[in-house]
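Quick notes on the structure that follows.
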Amino acid sequence: MVRVRIAPSPTGIPHIGNTRTALFNYLFARHNKGKFILRIEDTDRKRIVKGAQEAIVEILDFLGISPDETYTQSERIDEYKKYAKILLDKKLAYEKEGAVWMKIPQDQIFSWTDLVGNKSISFKSQDIEEFVIIKSDGFPTYHLASVVDDHLMEISHVIRGDEWISSTPKHLLLYKSFSWALPFFAHLPVILGKDKKKLSKRDGAKSVLDYRNEGYLRNALLNFMVLLGWNPGGDNEIFSISEMIKLFDLKDVNTSSPVFDIQKLEWMNSVYIRKLAIIDLKKEIEERFKDKLKNVSEEILHSFLVLAQSRIKTLNEFYELIKPFIEKLDFGLDGKEKNIGKKLLDGFLKISNWRKDGILTVMKKAMSQENIRMPIVYKILTGKESGLPLPESLEIVGKEKVIEMLKRLDV
RNA sequence: GGCGCCUUCGUCUAGUUGGUCUAGGACGUUACCUUCUCAAGGUAAAGAUCACGGGUUCGAAUCCCGUAGGCGCUACCA
């Protein structure tokens with residue numbers, strides 16, 4: 001029975017790198033019809049951040065990778081004390097200054113086969129320092145708590161970030177001291193920033209919640225994350241969650257650290273936005289801009305969505321695109337622009353059947369007369385030199401609104 | 001410093017046991033096509049002597065050794 005776990009400490013909101021570890025664990029569990037467990041490691045009482053635990057749960061929920069079981073270490077203190085006592089009784093640990101320290105045996109080799117890269121990693125006991133297993137405040141350290149819990153919770157595979165490699169021999173020692181069977185270990189390379197240093201805030205170490213707020217889709221985030229350090233071979237890059245589950249294998253996890261590339265995430269998101277049925281895109285947009293779209297009819301929104309779908313990389317960009325058509329913007333026009341605006345206004349007034357073709361004809365006529373190109377027309381009508389297709393957009397908005405807008409601009 | 005991990009286009013990567021790799025795909029970049037702007041779509045180009053140096057071999061990105069660089073750990077943090 002495969003049982004895996006993620007063990008975040010609620011010391012902050014996990015960034016996208018940590019969330020990728022959760023995803024890999026989830027995929028491994030589902031692929032092997034096993035269980036995916038969340039264990040909150042809140043043993044460092046001083047560093048606990050309020051709301052962090054809730055954020056962790058919210059992230060998993062949003063991504064659709066919620067755990068099958070959840071545990072909290074601070075509720076299991078007696079368990080850790082019990083096992084520390086066993087080590088004390090066996091004289092494998094000793095007390096010093098109110099803390100319990102693990103003794104390191106001499107001349108031993110601690111090694112395991114890591115499932116990432118399928119290689120053997122070993123440490124000599126002389127390179128391992130004595131370490132605390134129960135702190136003077138009575139709480140266990142990560143080393144003790146995670147080993148005890150992994151054993152008790154029957155974790156079959158420990159899949160975690162590779163910053164834990166150096167701690168693994170300590171864990172091996174603990175398993176050995178208790179005579180417990182070892183789980184398999186798989187250490188994932190950590191995600192790096194553009195500068196090849198640890199992911200920091202400025203290069204995208206945001207949380208999935210941040211990306212959601214910026215208008216990234218769940219499936220795009222999932223797809224992007226899974227490709228950071230995993231590739232099933234072949235040229236396909238777009239995977240649904242069920243395809244990921246079907247294909248996921250630790251042997252296809254890379255050994256080197258990937259660099260986070262926001263541009264690829266943006267592209268991935270635009271791919272998923274384009275894949276969305278309009279009705280689903282509409283739901284996303286309506287939810288996001290509830291207030292701002294209050295006075296926009298369903299029909300108009302729908303028409304704009306069709307025009308905007310291939311032009312946005314994030315959901316948030318949608319509003320910027322339709323803003324010129326639904327808000328009463330006041331952008332200044334210079335004399336020449338006003339002149340052209342007047343021509344457009346006159347032409348528009350003469351249109352009896354307000355359709356894009358007729359609208360375009362008026363624009364073309366003005367453009368050839370004034371010897372200008374489309375961007376100027378955009379500037380006059382929207383305040384920007386590019387945007388959603390103009391004739392279509394003006395048709396959607398309606399003749400009266402367009403006339404009214406041009407008059408407001410005092411052309 | 002010590003210990004450990006890593007090293008294929010700017011970035012994500014393919015590369016199952018050495019040979020069809022004059023190293024493939026994707027993002028990004030550039031150009032062209034399409035075109036009412038911008039996107040999307042289509043086509044094409046530039047971009048990696050596979051970190052470097054030695055081996056082994058008829059033949060190595062793929063095997064061996066060494067070097068360098070990067071990263072991680074080195075807390076009564078996880």
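Following the order of the structure tokens, chains are lettered A, B, ..., residues in each are numbered from 1, and ligands are numbered from 1.
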
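Residues of chain B having any atom within 8 Å of chain A, counting only C-alpha atoms (C1' of nucleotides), are C3, G4, C5, C6, U7, U11, C12, U13, A14, G25, A26, C27, G28, C36, U37, C38, A39, A40, G70, C71, G72, C73, C76, C77 and A78 of chain B.
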
So the first atom is atom CA of Ser207 of chain A and the second is atom CA of Glu58 of chain A; what is the distance between them in Å, to one decimal place? 10.9 Å

What does the distance between atom CA of Lys323 of chain A and atom CA of Glu214 of chain A come to in Å, to one decimal place? 17.4 Å

I want to know what sits within 10 Å of Asp150 of chain A, based on only C-alpha atoms (C1' of nucleotides), with residues of the same chain fewer than 2 positions away left out; could you give that as an MDAnalysis selection string? chainID A and resid 3:5 39 144:148 152:158 182:183

As number ranges by chain, please: every residue in segment 216-390 of chain A that DSSP puts in helix (DSSP H, G or I). A: 218-226, 241-247, 250-252, 262-275, 278-288, 298-311, 317-326, 335-350, 356-370, 374-382, 390
